[in-house]
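Undergrad: Just target_34.txt, nothing more (compact mmCIF, C-alpha atoms):
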# COMPACT_ATOMS: atom_id res chain seq x y z
CA MET A 1 73.42 124.35 113.02
CA ALA A 2 72.23 124.58 109.42
CA GLY A 3 70.39 121.37 108.68
CA ALA A 4 71.27 117.81 109.61
CA ASP A 5 74.41 117.95 107.48
CA GLY A 6 75.82 120.96 109.33
CA GLY A 7 76.07 122.90 106.10
CA PHE A 8 78.32 120.29 104.53
CA ALA A 9 75.87 118.75 102.05
CA ALA A 10 78.45 118.31 99.30
CA ALA A 11 80.97 116.79 101.69
CA ALA A 12 78.32 114.43 103.10
CA GLU A 13 77.44 113.33 99.56
CA GLY A 14 81.11 112.72 98.78
CA LEU A 15 81.44 110.68 101.95
CA ARG A 16 78.45 108.55 100.93
CA ALA A 17 79.98 108.02 97.47
CA VAL A 18 83.34 106.88 98.89
CA ARG A 19 81.55 104.61 101.39
CA SER A 20 79.54 103.06 98.54
CA GLN A 21 82.66 102.61 96.41
CA THR A 22 84.48 100.93 99.30
CA GLN A 23 81.55 98.60 99.96
CA GLU A 24 81.46 97.67 96.28
CA ILE A 25 85.18 96.88 96.25
CA ASN A 26 84.80 94.75 99.39
CA GLN A 27 81.83 92.89 97.89
CA GLN A 28 83.76 92.18 94.70
CA VAL A 29 86.75 90.91 96.67
CA SER A 30 84.52 88.74 98.89
CA ALA A 31 82.79 87.27 95.85
CA GLY A 32 86.12 86.52 94.18
CA MET A 33 85.33 88.94 91.37
CA LEU A 34 88.24 91.28 92.03
CA ALA A 35 91.84 90.17 92.11
CA LEU A 36 94.58 92.74 91.60
CA ASP A 37 98.21 92.34 90.75
CA PRO A 38 99.98 92.78 94.10
CA GLU A 39 102.06 95.74 92.88
CA VAL A 40 98.99 97.52 91.52
CA ALA A 41 97.04 96.79 94.69
CA GLU A 42 99.86 98.11 96.88
CA ARG A 43 100.16 101.31 94.83
CA ALA A 44 96.40 101.83 95.12
CA ALA A 45 96.48 101.19 98.88
CA GLN A 46 99.40 103.59 99.31
CA ARG A 47 97.57 106.26 97.30
CA VAL A 48 94.55 105.89 99.57
CA GLU A 49 96.80 106.09 102.64
CA GLY A 50 98.24 109.32 101.21
CA GLU A 51 94.70 110.69 101.13
CA ILE A 52 94.32 109.70 104.78
CA ARG A 53 97.46 111.67 105.66
CA GLU A 54 96.14 114.70 103.78
CA LEU A 55 92.90 114.42 105.74
CA SER A 56 94.96 114.52 108.95
CA VAL A 57 96.06 118.04 108.02
CA ILE A 58 92.42 119.03 107.46
CA LEU A 59 91.51 117.45 110.79
CA MET A 60 94.18 119.49 112.55
CA ARG A 61 92.82 122.68 110.98
CA ALA A 62 89.25 121.80 111.92
CA ASN A 63 90.38 121.19 115.50
CA GLN A 64 91.79 124.72 115.57
CA LEU A 65 88.25 126.06 115.21
CA ASN A 66 87.69 124.98 118.83
CA ARG A 67 89.92 127.92 119.81
CA LEU A 68 88.39 130.53 117.54
CA GLU A 69 89.15 134.03 118.79
CA GLY A 70 89.06 137.54 117.47
CA LEU A 71 85.38 137.94 116.65
CA GLY A 72 84.79 140.25 119.58
CA ASP A 73 83.34 140.04 123.04
CA TYR A 74 79.93 141.27 122.03
CA PRO A 75 76.97 138.86 121.55
CA ASP A 76 77.04 138.81 117.72
CA GLY A 77 80.76 137.96 117.67
CA GLU A 78 80.35 135.27 120.31
CA GLN A 79 77.40 133.75 118.44
CA LEU A 80 79.36 133.70 115.19
CA ALA A 81 82.34 132.09 116.90
CA GLN A 82 80.04 129.45 118.40
CA ARG A 83 78.54 128.69 114.98
CA PHE A 84 82.03 128.02 113.59
CA ILE A 85 82.87 125.84 116.58
CA ASP A 86 79.60 123.92 116.16
CA LYS A 87 80.29 123.34 112.46
CA ALA A 88 83.63 121.84 113.37
CA THR A 89 82.67 119.80 116.42
CA HIS A 90 79.08 118.59 115.93
CA PRO A 91 79.25 114.85 116.79
CA GLN A 92 77.42 113.60 113.68
CA ALA A 93 77.59 116.35 111.07
CA GLY A 94 80.60 118.45 112.02
CA ALA A 95 83.74 118.74 109.97
CA ILE A 96 85.82 116.77 112.46
CA ALA A 97 83.37 113.84 112.55
CA MET A 98 83.15 113.79 108.76
CA VAL A 99 86.93 113.80 108.29
CA ARG A 100 87.37 111.00 110.82
CA GLU A 101 84.66 108.94 109.08
CA MET A 102 86.34 109.51 105.72
CA GLN A 103 89.66 108.33 107.16
CA LYS A 104 87.99 105.20 108.51
CA ILE A 105 86.38 104.44 105.15
CA LEU A 106 89.64 105.02 103.30
CA LEU A 107 91.47 102.65 105.65
CA GLU A 108 88.87 100.02 104.76
CA GLN A 109 89.42 100.76 101.08
CA ALA A 110 93.20 100.37 101.38
CA GLN A 111 92.67 97.01 103.11
CA ALA A 112 90.25 95.96 100.35
CA PHE A 113 92.94 96.61 97.74
CA ARG A 114 95.41 94.53 99.72
CA ASP A 115 92.81 91.77 100.09
CA ALA A 116 92.34 91.80 96.31
CA ALA A 117 96.08 91.22 95.97
CA LYS A 118 95.83 88.20 98.28
CA ASP A 119 93.11 86.78 96.03
CA TYR A 120 95.34 87.36 93.02
CA ARG A 121 98.20 85.47 94.68
CA ALA A 122 95.89 82.65 95.76
CA THR A 123 94.50 82.32 92.22
CA ASP A 124 98.01 82.44 90.78
CA ASP A 125 99.17 79.75 93.24
CA GLN A 126 96.16 77.58 92.41
CA ILE A 127 96.85 77.83 88.69
CA ALA A 128 100.50 76.92 89.26
CA GLN A 129 99.47 73.90 91.33
CA ASP A 130 96.96 72.81 88.70
CA LEU A 131 99.59 73.12 86.02
CA GLN A 132 102.06 71.09 88.09
CA ARG A 133 99.51 68.30 88.51
CA GLY A 134 98.75 68.36 84.82
CA ILE A 135 102.42 68.07 83.92
CA GLN A 136 103.09 65.16 86.27
Let's see the structure in the file written out as structure tokens.

TA:
Amino acid sequence: MAGADGGFAAAAEGLRAVRSQTQEINQQVSAGMLALDPEVAERAAQRVEGEIRELSVILMRANQLNRLEGLGDYPDGEQLAQRFIDKATHPQAGAIAMVREMQKILLEQAQAFRDAAKDYRATDDQIAQDLQRGIQ
């Protein structure tokens, strides 16, 4: 296989960027620095879940490479077919592993958006309670 990234250097870099973005969102939520309006948070989470569904289609196509045929029964054709299969199925750097990891990260991101909405509601509730005490 071509290098540790399986020939998917750009995809691996994109995966690292999304992972970093998700970690940053989670850190901001944990630190109370990110609170989103519940409707905005839900739309963002749903958008991310749409990306996950689109990745499922890519995953299905990558799985089809396991059954690659038509490159001939001679050694060069068999080797080429095996290279495609390896690019799809390599446990760490194959297309299938990368798509599954991206789906996992995006699920975490969707949850982070929903957690930010919970913080928004909690802050809103706290302000309302404080105002009620101030009025009484």

Undergrad: Taking 6 positions as the minimum chain separation for residues in the same chain, which residues sit within 12 Å of stretch 27-37 of chain A when counting all atoms listed in the file? Answer as a count of residues only.

TA: 20

Undergrad: Would you mind reading off the distance between atom CA of A:Asn26 and atom CA of A:Pro91, one decimal, in Å?

TA: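 Going from atom CA of A:Asn26 over to atom CA of A:Pro91 covers 27.2 Å.
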
Undergrad: Which of these residues is nearest to A:Ile58, using only C-alpha atoms: A:Ile105, A:Ala110, A:Met98, A:Ala17?

TA: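 Among the listed residues, the smallest separation from A:Ile58 belongs to A:Met98.
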
Undergrad: Which residues come within 12 Å of A:Val18, counting all atoms listed in the file, excluding same-chain residues fewer than 2 positions away, as a ChimeraX atom specification?

TA: /A:11-16,20-25,48,101-109

Undergrad: Between A:Gly94, A:Ala9, A:Ile127, A:Arg133, which one has atoms that come closest to A:Ala62, using only C-alpha atoms?

TA: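 Closest to A:Ala62, using only C-alpha atoms: A:Gly94.
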
Undergrad: May I ask which of the residues A:Glu49, A:Pro75, A:Glu39, A:Leu59 is the closest one to A:Ala97, counting all atoms listed in the file?

TA: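 Closest residue, counting all atoms listed in the file: A:Leu59.
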